[in-house]
file target_31.cif (mmCIF, C-alpha atoms)
data_coords
#
loop_
_atom_site.label_atom_id
_atom_site.label_comp_id
_atom_site.auth_asym_id
_atom_site.auth_seq_id
_atom_site.Cartn_x
_atom_site.Cartn_y
_atom_site.Cartn_z
CA MET A 175 4.50 10.51 6.28
CA LEU A 176 4.75 6.72 5.99
CA SER A 177 1.66 4.63 5.82
CA ASP A 178 0.73 1.30 4.27
CA PHE A 179 -2.45 -0.33 3.10
CA ASN A 180 -2.66 -4.06 2.32
CA LEU A 181 -5.60 -6.07 1.09
CA SER A 182 -5.93 -9.59 -0.30
CA ILE A 183 -8.96 -10.67 -2.28
CA PRO A 184 -10.07 -13.69 -4.32
CA ALA A 185 -9.94 -13.20 -8.09
CA LYS A 186 -13.61 -12.21 -8.20
CA TRP A 187 -14.84 -9.15 -10.06
CA GLU A 188 -17.47 -8.42 -7.42
CA LYS A 189 -14.72 -7.85 -4.84
CA LEU A 190 -13.45 -4.75 -6.69
CA ASP A 191 -16.02 -2.41 -5.17
CA SER A 192 -14.61 -3.02 -1.72
CA VAL A 193 -11.05 -2.52 -3.04
CA ARG A 194 -11.99 0.92 -4.40
CA ASP A 195 -13.89 1.86 -1.22
CA LYS A 196 -11.10 0.78 1.12
CA ALA A 197 -8.33 2.37 -0.96
CA GLU A 198 -10.30 5.61 -1.07
CA ALA A 199 -10.84 5.61 2.71
CA PHE A 200 -7.12 4.94 3.29
CA LEU A 201 -6.05 7.79 0.99
CA TYR A 202 -8.46 10.33 2.49
CA LYS A 203 -7.25 9.28 5.94
CA ASN A 204 -3.76 10.17 4.73
CA GLU A 205 -5.04 13.63 3.80
CA PHE A 206 -4.72 13.48 0.04
CA ASN A 207 -6.97 15.82 -1.91
CA LYS A 208 -9.91 14.74 -4.06
CA GLU A 209 -8.00 14.74 -7.37
CA GLN A 210 -5.09 12.76 -5.91
CA VAL A 211 -7.47 10.24 -4.35
CA TYR A 212 -9.37 9.85 -7.62
CA ALA A 213 -6.17 9.27 -9.61
CA MET A 214 -4.84 6.67 -7.18
CA VAL A 215 -8.16 4.85 -6.73
CA MET A 216 -8.56 4.71 -10.51
CA THR A 217 -5.02 3.32 -10.81
CA THR A 218 -5.61 0.73 -8.08
CA SER A 219 -8.87 -0.27 -9.73
CA GLU A 220 -7.40 -0.64 -13.23
CA LEU A 221 -4.48 -2.75 -11.94
CA ALA A 222 -6.78 -4.96 -9.87
CA GLU A 223 -9.16 -5.36 -12.84
CA ASN A 224 -6.24 -6.55 -14.97
CA ALA A 225 -5.11 -8.97 -12.25
CA ILE A 226 -8.57 -10.55 -12.17
CA LYS A 227 -9.03 -10.57 -15.95
CA TYR A 228 -5.65 -12.02 -16.85
CA GLY A 229 -4.53 -13.81 -13.67
CA ASP A 230 -4.95 -17.43 -12.73
CA SER A 231 -8.73 -17.81 -12.61
CA ASP A 232 -8.42 -21.17 -10.84
CA CYS A 233 -7.04 -19.38 -7.82
CA THR A 234 -9.97 -19.07 -5.42
CA ASP A 235 -8.27 -17.95 -2.22
CA ALA A 236 -7.00 -14.47 -1.48
CA CYS A 237 -4.76 -14.54 -4.54
CA VAL A 238 -4.83 -10.89 -5.60
CA GLN A 239 -2.77 -8.78 -3.25
CA ILE A 240 -3.13 -5.03 -3.30
CA SER A 241 -0.91 -2.58 -1.50
CA LEU A 242 -0.61 1.19 -1.32
CA SER A 243 2.57 2.51 0.31
CA VAL A 244 2.66 6.20 1.14
CA ARG A 245 6.18 7.55 1.19
CA THR A 246 7.59 11.05 1.52
CA LYS A 247 7.65 11.83 -2.19
CA GLU A 248 5.51 9.13 -3.75
CA VAL A 249 2.78 6.56 -3.32
CA ILE A 250 3.57 3.08 -4.61
CA ILE A 251 0.52 1.15 -5.75
CA GLU A 252 1.25 -2.54 -6.28
CA VAL A 253 -1.01 -5.40 -7.31
CA LYS A 254 0.24 -8.99 -7.26
CA ASN A 255 -1.44 -12.04 -8.70
CA LYS A 256 -0.58 -15.59 -9.71
CA ILE A 257 -0.17 -15.99 -13.43
CA LYS A 258 -1.48 -18.90 -15.46
CA ASP A 259 1.58 -19.51 -17.57
CA ILE A 260 4.95 -17.77 -17.70
CA ASN A 261 4.84 -18.00 -21.49
CA ASP A 262 1.32 -16.60 -21.67
CA SER A 263 0.75 -14.24 -24.59
CA ASP A 264 -0.94 -11.78 -22.22
CA LEU A 265 2.39 -11.30 -20.43
CA LYS A 266 4.17 -10.62 -23.71
CA LYS A 267 1.50 -8.07 -24.56
CA LEU A 268 1.82 -6.49 -21.10
CA ASP A 269 5.55 -6.03 -21.67
CA GLU A 270 4.95 -4.59 -25.14
CA ASP A 271 2.28 -2.21 -23.85
CA ILE A 272 4.53 -0.84 -21.12
CA GLN A 273 7.45 -0.44 -23.51
CA TRP A 274 5.09 1.29 -25.96
CA ILE A 275 4.01 3.80 -23.29
CA ARG A 276 7.63 4.44 -22.32
CA GLY A 277 8.38 5.23 -25.95
CA PHE A 278 6.39 8.45 -25.70
CA GLN A 279 7.92 11.56 -24.21
CA SER A 280 4.43 12.66 -23.20
CA HIS A 281 1.76 10.38 -21.75
CA TYR A 282 -0.79 12.72 -23.31
CA GLU A 283 0.51 11.75 -26.74
CA ALA A 284 0.36 8.08 -25.79
CA TYR A 285 -3.27 8.48 -24.71
CA LEU A 286 -4.28 10.20 -27.95
CA GLU A 287 -2.49 7.56 -29.99
CA LYS A 288 -4.19 4.77 -28.03
CA ILE A 289 -7.64 6.34 -28.55
CA LYS A 290 -7.03 6.42 -32.30
CA HIS A 291 -5.77 2.84 -32.20
CA VAL A 292 -8.80 1.60 -30.23
CA SER A 293 -11.22 3.39 -32.56
CA GLY A 294 -9.86 1.54 -35.56
CA LYS A 295 -9.77 -1.93 -34.09
CA SER A 296 -12.37 -4.57 -33.57
CA LEU A 297 -11.49 -5.30 -29.99
CA GLU A 298 -13.26 -7.09 -27.23
CA ASP A 299 -13.41 -5.36 -23.87
CA GLY A 300 -10.11 -5.48 -22.05
CA GLU A 301 -7.92 -6.13 -25.05
CA SER A 302 -7.21 -2.51 -25.75
CA GLY A 303 -4.41 -1.71 -23.30
CA LEU A 304 -6.26 1.54 -22.66
CA GLY A 305 -6.21 0.97 -18.89
CA LEU A 306 -2.40 1.11 -18.70
CA VAL A 307 -2.23 4.26 -20.81
CA ARG A 308 -4.91 5.80 -18.63
CA ILE A 309 -2.84 5.04 -15.53
CA ALA A 310 0.16 6.74 -17.13
CA TYR A 311 -1.70 9.78 -18.46
CA GLU A 312 -4.68 10.43 -16.23
CA GLY A 313 -3.14 8.82 -13.15
CA GLN A 314 0.30 10.37 -13.85
CA CYS A 315 1.97 7.16 -12.67
CA ILE A 316 5.14 5.38 -13.71
CA LEU A 317 4.38 1.75 -14.52
CA ASP A 318 6.58 -1.29 -14.04
CA PHE A 319 6.26 -5.02 -13.43
CA TYR A 320 8.22 -8.13 -12.54
CA ILE A 321 7.54 -11.84 -12.18
CA ASN A 322 9.07 -13.70 -9.26
CA GLU A 323 10.18 -17.34 -9.01
CA ASN A 324 6.74 -18.41 -7.79
CA ASP A 325 5.02 -17.13 -10.96
CA ILE A 326 3.64 -14.12 -9.15
CA LEU A 327 3.20 -11.05 -11.34
CA ALA A 328 3.70 -7.76 -9.51
CA MET A 329 2.49 -4.66 -11.31
CA SER A 330 3.42 -1.33 -9.80
CA ALA A 331 2.39 2.24 -10.45
CA VAL A 332 4.31 5.03 -8.75
CA TYR A 333 2.39 8.23 -8.12
CA LYS A 334 4.75 11.15 -7.54
CA LEU A 335 3.74 13.68 -4.88
CA MET B 157 -43.30 16.27 -21.11
CA ASN B 158 -40.38 14.25 -22.49
CA GLU B 159 -40.40 10.49 -22.61
CA MET B 160 -37.73 9.01 -20.31
CA GLU B 161 -36.36 5.49 -20.51
CA THR B 162 -34.02 3.94 -17.93
CA TYR B 163 -31.52 1.08 -18.08
CA GLU B 164 -29.54 -0.16 -15.09
CA GLU B 165 -26.67 -2.60 -14.65
CA GLY B 166 -24.63 -2.74 -11.44
CA ASP B 167 -23.93 0.82 -10.32
CA LEU B 168 -24.51 2.21 -13.81
CA LYS B 169 -27.75 3.92 -14.71
CA ILE B 170 -28.52 5.14 -18.21
CA GLN B 171 -31.45 7.44 -18.87
CA ILE B 172 -32.66 8.24 -22.37
CA ASP B 173 -34.42 11.55 -22.66
CA ARG B 174 -36.24 11.99 -25.98
CA SER B 175 -37.31 15.41 -27.16
CA ASP B 176 -38.27 16.85 -30.55
CA PHE B 177 -34.74 17.34 -31.82
CA LEU B 178 -32.56 15.46 -29.36
CA LEU B 179 -31.79 11.98 -28.05
CA ARG B 180 -30.01 12.55 -24.76
CA MET B 181 -28.19 9.62 -23.19
CA ILE B 182 -27.60 10.54 -19.55
CA TRP B 183 -24.87 8.60 -17.73
CA LEU B 184 -25.38 8.32 -13.96
CA GLY B 185 -23.57 6.52 -11.15
CA LYS B 186 -20.42 4.64 -12.09
CA CYS B 187 -19.45 2.01 -14.62
CA THR B 188 -17.28 -0.76 -13.20
CA LEU B 189 -18.69 -3.56 -15.31
CA LYS B 190 -16.31 -6.29 -16.46
CA GLU B 191 -17.67 -6.18 -20.01
CA PRO B 192 -19.44 -2.84 -20.36
CA SER B 193 -19.86 -3.22 -24.13
CA LYS B 194 -22.33 -6.06 -23.60
CA PHE B 195 -24.61 -3.67 -21.75
CA LEU B 196 -23.83 -0.43 -23.58
CA ASP B 197 -23.52 -1.47 -27.23
CA PRO B 198 -27.18 -2.44 -27.73
CA ILE B 199 -28.37 0.81 -26.12
CA ILE B 200 -25.97 2.97 -28.12
CA ASN B 201 -26.63 1.10 -31.38
CA GLU B 202 -30.38 1.49 -30.98
CA LEU B 203 -29.99 5.20 -30.28
CA TYR B 204 -27.68 5.60 -33.25
CA VAL B 205 -30.20 3.95 -35.60
CA GLU B 206 -33.02 6.04 -34.15
CA SER B 207 -31.01 9.23 -34.57
CA GLN B 208 -30.33 8.34 -38.20
CA LYS B 209 -34.01 7.65 -38.94
CA SER B 210 -35.36 10.67 -37.10
CA ALA B 211 -32.49 13.07 -37.92
CA LYS B 212 -32.24 13.85 -34.21
CA LYS B 213 -28.99 14.85 -32.60
CA LEU B 214 -27.41 12.41 -30.14
CA LEU B 215 -26.09 13.80 -26.88
CA PHE B 216 -23.93 11.80 -24.47
CA ASP B 217 -24.26 13.59 -21.14
CA PHE B 218 -21.55 12.67 -18.61
CA THR B 219 -21.91 15.74 -16.41
CA ASN B 220 -23.27 13.82 -13.40
CA PHE B 221 -21.25 10.65 -13.92
CA THR B 222 -18.86 9.72 -11.11
CA PHE B 223 -16.52 6.96 -12.33
CA MET B 224 -15.82 4.72 -15.29
CA ASN B 225 -13.28 2.02 -15.93
CA SER B 226 -11.26 2.17 -19.13
CA SER B 227 -13.32 -0.57 -20.81
CA ALA B 228 -16.39 1.65 -20.60
CA ILE B 229 -14.95 4.32 -22.85
CA ILE B 230 -14.44 1.94 -25.77
CA PRO B 231 -18.11 1.93 -26.92
CA ILE B 232 -18.05 5.74 -26.87
CA ILE B 233 -14.86 5.92 -28.91
CA LYS B 234 -16.30 3.50 -31.46
CA THR B 235 -19.51 5.52 -31.79
CA LEU B 236 -17.59 8.73 -32.38
CA LYS B 237 -15.48 7.01 -35.01
CA THR B 238 -18.57 5.56 -36.77
CA ILE B 239 -20.31 8.92 -36.90
CA ARG B 240 -17.16 10.74 -37.92
CA GLU B 241 -16.75 8.44 -40.90
CA GLY B 242 -20.44 8.34 -41.76
CA ARG B 243 -23.48 10.42 -41.03
CA GLY B 244 -25.19 11.81 -37.96
CA VAL B 245 -24.58 14.29 -35.18
CA VAL B 246 -23.29 13.49 -31.71
CA HIS B 247 -22.35 15.92 -28.99
CA VAL B 248 -20.56 14.89 -25.80
CA HIS B 249 -20.94 16.94 -22.63
CA TYR B 250 -18.59 16.41 -19.72
CA ASN B 251 -18.17 18.13 -16.37
CA LYS B 252 -15.30 20.57 -16.80
CA GLU B 253 -14.93 20.91 -13.00
CA GLU B 254 -13.92 17.24 -12.71
CA LYS B 255 -10.30 16.62 -13.65
CA TRP B 256 -10.89 12.97 -14.57
CA GLN B 257 -13.62 13.97 -17.00
CA ARG B 258 -11.46 16.70 -18.56
CA THR B 259 -8.64 14.24 -19.15
CA LEU B 260 -10.53 11.07 -20.05
CA ILE B 261 -13.56 12.42 -21.91
CA GLY B 262 -12.39 15.90 -22.85
CA GLU B 263 -9.55 14.50 -24.94
CA LEU B 264 -12.06 12.74 -27.16
CA ARG B 265 -12.05 16.07 -28.96
CA VAL B 266 -9.60 14.35 -31.29
CA PHE B 267 -12.80 13.11 -33.01
CA GLN B 268 -14.38 16.56 -33.34
CA THR B 269 -15.34 17.63 -36.84
CA ASP B 270 -15.06 21.09 -38.36
CA ASP B 271 -18.74 21.04 -39.29
CA SER B 272 -19.76 20.51 -35.62
CA ARG B 273 -21.35 17.14 -36.29
CA ILE B 274 -19.17 15.88 -33.47
CA GLN B 275 -18.59 18.23 -30.56
CA ILE B 276 -16.90 17.50 -27.24
CA LYS B 277 -17.75 20.20 -24.71
CA GLY B 278 -17.02 20.85 -21.03
CA VAL B 279 -20.05 22.34 -19.29
#
call {"tool": "encode", "arguments": {"input": "target_31.cif", "output": "structure tokens"}}
result
Amino acid sequence: MLSDFNLSIPAKWEKLDSVRDKAEAFLYKNEFNKEQVYAMVMTTSELAENAIKYGDSDCTDACVQISLSVRTKEVIIEVKNKIKDINDSDLKKLDEDIQWIRGFQSHYEAYLEKIKHVSGKSLEDGESGLGLVRIAYEGQCILDFYINENDILAMSAVYKL
Amino acid sequence: MNEMETYEEGDLKIQIDRSDFLLRMIWLGKCTLKEPSKFLDPIINELYVESQKSAKKLLFDFTNFTFMNSSAIIPIIKTLKTIREGRGVVHVHYNKEEKWQRTLIGELRVFQTDDSRIQIKGV
């Protein structure tokens, strides 16, 4: 069972509906059940939201690339976007957030801890890091990222089958 | 007949159902807003103040809700925290048949209080 889905969109929030719809159609076509589809669409959506929120907003072409790769034992969800600045504080926070999640033996514990953290902070939308924890806990995905030589950030979430 | 008020933004629809003892905030559709707090905070704050003045219970009803991004849960978390540390009663109903609701909303039971002022319940 090998199948791939690729989509490129401009960094525009209003394009996210079509990302969710197309990812959902692709996953149902690959005969995943409702709960699996929900988890992977949610994960795709959260990663794409982050790419648009924190990526290079000057990029107007198809600069957010989304892929879902169905493999025998896993589905790899990857979202790539151009970053504004390699030294951007958002990237440092992204690294810290992922390391923080990895520090928990259970993603459930990480989620509860993040809820408590969010409740006690005066945060603007999107600054919470809740989306990544949700991907790990609710989406049951393993998160990772890298930045290539062209300042492209690639965030991946691996959903085990 | 209860008085019903409706707010809409994008694919999100919020209905407020007022009865003698209850202010029911019904979440419908899906919330994929970029900054959901801008839309939700004024509605929730107004309901919170009204519930305090009228001594009515607040109910967040998610049972027919289909999707929410992670930003949308922040106003809910903050409301639970405020009520937990202050006064008022808020109950949260989620659809226990939906896995995403059990995991995302059901785990808000971390805010539940022993005196049932805050209850998180799958229905």
call {"tool": "resolve_selection", "arguments": {"input": "target_31.cif", "expression": "the PyMOL selection byres ((chain B) within 12 of (chain A))", "output": "ChimeraX atom specification"}}
result
/B:166-167,186-197,222-241,253-267
call {"tool": "write_last_selection", "arguments": {"input": "target_31.cif", "atoms": "C-alpha atoms", "output": "short mmCIF file (atom, residue, chain, number, x, y, z; two decimals), in the coordinates of the input"}}
result
data_model
loop_
_atom_site.label_atom_id
_atom_site.label_comp_id
_atom_site.auth_asym_id
_atom_site.auth_seq_id
_atom_site.Cartn_x
_atom_site.Cartn_y
_atom_site.Cartn_z
CA GLY B 166 -24.63 -2.74 -11.44
CA ASP B 167 -23.93 0.82 -10.32
CA LYS B 186 -20.42 4.64 -12.09
CA CYS B 187 -19.45 2.01 -14.62
CA THR B 188 -17.28 -0.76 -13.20
CA LEU B 189 -18.69 -3.56 -15.31
CA LYS B 190 -16.31 -6.29 -16.46
CA GLU B 191 -17.67 -6.18 -20.01
CA PRO B 192 -19.44 -2.84 -20.36
CA SER B 193 -19.86 -3.22 -24.13
CA LYS B 194 -22.33 -6.06 -23.60
CA PHE B 195 -24.61 -3.67 -21.75
CA LEU B 196 -23.83 -0.43 -23.58
CA ASP B 197 -23.52 -1.47 -27.23
CA THR B 222 -18.86 9.72 -11.11
CA PHE B 223 -16.52 6.96 -12.33
CA MET B 224 -15.82 4.72 -15.29
CA ASN B 225 -13.28 2.02 -15.93
CA SER B 226 -11.26 2.17 -19.13
CA SER B 227 -13.32 -0.57 -20.81
CA ALA B 228 -16.39 1.65 -20.60
CA ILE B 229 -14.95 4.32 -22.85
CA ILE B 230 -14.44 1.94 -25.77
CA PRO B 231 -18.11 1.93 -26.92
CA ILE B 232 -18.05 5.74 -26.87
CA ILE B 233 -14.86 5.92 -28.91
CA LYS B 234 -16.30 3.50 -31.46
CA THR B 235 -19.51 5.52 -31.79
CA LEU B 236 -17.59 8.73 -32.38
CA LYS B 237 -15.48 7.01 -35.01
CA THR B 238 -18.57 5.56 -36.77
CA ILE B 239 -20.31 8.92 -36.90
CA ARG B 240 -17.16 10.74 -37.92
CA GLU B 241 -16.75 8.44 -40.90
CA GLU B 253 -14.93 20.91 -13.00
CA GLU B 254 -13.92 17.24 -12.71
CA LYS B 255 -10.30 16.62 -13.65
CA TRP B 256 -10.89 12.97 -14.57
CA GLN B 257 -13.62 13.97 -17.00
CA ARG B 258 -11.46 16.70 -18.56
CA THR B 259 -8.64 14.24 -19.15
CA LEU B 260 -10.53 11.07 -20.05
CA ILE B 261 -13.56 12.42 -21.91
CA GLY B 262 -12.39 15.90 -22.85
CA GLU B 263 -9.55 14.50 -24.94
CA LEU B 264 -12.06 12.74 -27.16
CA ARG B 265 -12.05 16.07 -28.96
CA VAL B 266 -9.60 14.35 -31.29
CA PHE B 267 -12.80 13.11 -33.01
#
call {"tool": "atom_distance", "arguments": {"input": "target_31.cif", "atom1": "atom CA of B:Asn251", "atom2": "atom CA of B:Lys277"}}
result
8.6 Å
call {"tool": "atom_distance", "arguments": {"input": "target_31.cif", "atom1": "atom CA of B:Thr219", "atom2": "atom CA of B:Val248"}}
result
9.5 Å
call {"tool": "resolve_selection", "arguments": {"input": "target_31.cif", "expression": "the PyMOL selection byres ((chain A and resi 273) around 12)", "output": "list of chain:residue names"}}
result
A:Lys266, A:Lys267, A:Leu268, A:Asp269, A:Glu270, A:Asp271, A:Ile272, A:Trp274, A:Ile275, A:Arg276, A:Gly277, A:Phe278, A:Ala284, A:Gly303, A:Leu306, A:Val307, A:Ile316, A:Leu317, A:Asp318, A:Phe319
call {"tool": "atom_distance", "arguments": {"input": "target_31.cif", "atom1": "atom CA of A:Val244", "atom2": "atom CA of A:Ser177"}}
result
5.0 Å
call {"tool": "resolve_selection", "arguments": {"input": "target_31.cif", "expression": "the PyMOL selection byres ((chain A and resi 322-332) around 8)", "output": "ChimeraX atom specification"}}
result
/A:217,221,248-257,259-260,309,315-321,333-334
call {"tool": "residues_near_point", "arguments": {"input": "target_31.cif", "point": "(-32.7, 3.0, -17.3)", "cutoff": "10 Å", "atoms": "all atoms listed in the file", "output": "list in words"}}
result
Met160, Glu161, Thr162, Tyr163, Glu164, Glu165, Leu168, Lys169, Ile170, Gln171, Ile172, Met181, Ile182, Trp183 and Leu184 of chain B
call {"tool": "closest_residue", "arguments": {"input": "target_31.cif", "among": "A:Leu181, A:Gln239, A:Ser231, A:Val211", "to": "A:Leu335", "atoms": "only C-alpha atoms"}}
result
A:Val211
call {"tool": "residues_around", "arguments": {"input": "target_31.cif", "residues": "A:Ile183", "least_positions_apart": "4", "cutoff": "8 Å", "atoms": "all atoms listed in the file", "output": "ChimeraX atom specification"}}
result
/A:189,235-239
call {"tool": "closest_residue", "arguments": {"input": "target_31.cif", "among": "B:Gly244, B:Lys252, B:Phe218, B:Ser272", "to": "B:Gly185", "atoms": "only C-alpha atoms"}}
result
B:Phe218
call {"tool": "decode", "arguments": {"input": "target_31.cif", "residues": "stretch 253-272 of chain B", "atoms": "N, CA and C atoms", "output": "mmCIF file, in the first residue's frame"}}
result
data_model
loop_
_atom_site.group_PDB
_atom_site.id
_atom_site.type_symbol
_atom_site.label_atom_id
_atom_site.label_comp_id
_atom_site.auth_asym_id
_atom_site.auth_seq_id
_atom_site.Cartn_x
_atom_site.Cartn_y
_atom_site.Cartn_z
ATOM 1 N N GLU B 253 -18.997 9.705 21.768
ATOM 2 C CA GLU B 253 -18.815 8.767 20.652
ATOM 3 C C GLU B 253 -17.700 9.230 19.709
ATOM 4 N N GLU B 254 -17.310 10.486 19.832
ATOM 5 C CA GLU B 254 -16.280 11.039 18.939
ATOM 6 C C GLU B 254 -14.930 11.026 19.652
ATOM 7 N N LYS B 255 -13.996 10.269 19.086
ATOM 8 C CA LYS B 255 -12.691 10.126 19.751
ATOM 9 C C LYS B 255 -12.004 11.483 19.959
ATOM 10 N N TRP B 256 -12.067 12.343 18.937
ATOM 11 C CA TRP B 256 -11.361 13.631 19.045
ATOM 12 C C TRP B 256 -11.931 14.459 20.184
ATOM 13 N N GLN B 257 -13.238 14.348 20.412
ATOM 14 C CA GLN B 257 -13.838 15.113 21.509
ATOM 15 C C GLN B 257 -13.458 14.512 22.859
ATOM 16 N N ARG B 258 -13.397 13.171 22.914
ATOM 17 C CA ARG B 258 -12.990 12.527 24.181
ATOM 18 C C ARG B 258 -11.579 12.947 24.564
ATOM 19 N N THR B 259 -10.694 13.008 23.558
ATOM 20 C CA THR B 259 -9.295 13.315 23.877
ATOM 21 C C THR B 259 -9.068 14.811 24.080
ATOM 22 N N LEU B 260 -9.611 15.622 23.195
ATOM 23 C CA LEU B 260 -9.326 17.061 23.277
ATOM 24 C C LEU B 260 -10.142 17.756 24.366
ATOM 25 N N ILE B 261 -11.430 17.497 24.396
ATOM 26 C CA ILE B 261 -12.311 18.200 25.331
ATOM 27 C C ILE B 261 -12.482 17.415 26.629
ATOM 28 N N GLY B 262 -12.574 16.093 26.503
ATOM 29 C CA GLY B 262 -12.765 15.265 27.700
ATOM 30 C C GLY B 262 -11.655 15.442 28.726
ATOM 31 N N GLU B 263 -10.442 15.667 28.252
ATOM 32 C CA GLU B 263 -9.317 15.796 29.185
ATOM 33 C C GLU B 263 -9.295 17.137 29.914
ATOM 34 N N LEU B 264 -10.222 17.998 29.567
ATOM 35 C CA LEU B 264 -10.347 19.251 30.331
ATOM 36 C C LEU B 264 -10.882 18.968 31.735
ATOM 37 N N ARG B 265 -11.148 17.696 31.996
ATOM 38 C CA ARG B 265 -11.617 17.331 33.341
ATOM 39 C C ARG B 265 -10.551 17.645 34.399
ATOM 40 N N VAL B 266 -9.357 17.951 33.968
ATOM 41 C CA VAL B 266 -8.317 18.395 34.897
ATOM 42 C C VAL B 266 -8.766 19.658 35.656
ATOM 43 N N PHE B 267 -9.758 20.373 35.097
ATOM 44 C CA PHE B 267 -10.267 21.585 35.757
ATOM 45 C C PHE B 267 -11.497 21.319 36.623
ATOM 46 N N GLN B 268 -11.995 20.088 36.599
ATOM 47 C CA GLN B 268 -13.197 19.778 37.388
ATOM 48 C C GLN B 268 -12.980 20.083 38.860
ATOM 49 N N THR B 269 -14.081 20.478 39.518
ATOM 50 C CA THR B 269 -13.999 20.758 40.952
ATOM 51 C C THR B 269 -14.821 19.727 41.724
ATOM 52 N N ASP B 270 -14.428 19.486 42.944
ATOM 53 C CA ASP B 270 -15.131 18.498 43.774
ATOM 54 C C ASP B 270 -16.572 18.914 44.066
ATOM 55 N N ASP B 271 -16.815 20.226 44.070
ATOM 56 C CA ASP B 271 -18.172 20.690 44.377
ATOM 57 C C ASP B 271 -19.061 20.794 43.134
ATOM 58 N N SER B 272 -18.608 20.233 42.033
ATOM 59 C CA SER B 272 -19.375 20.182 40.759
ATOM 60 C C SER B 272 -19.619 21.536 40.116
#
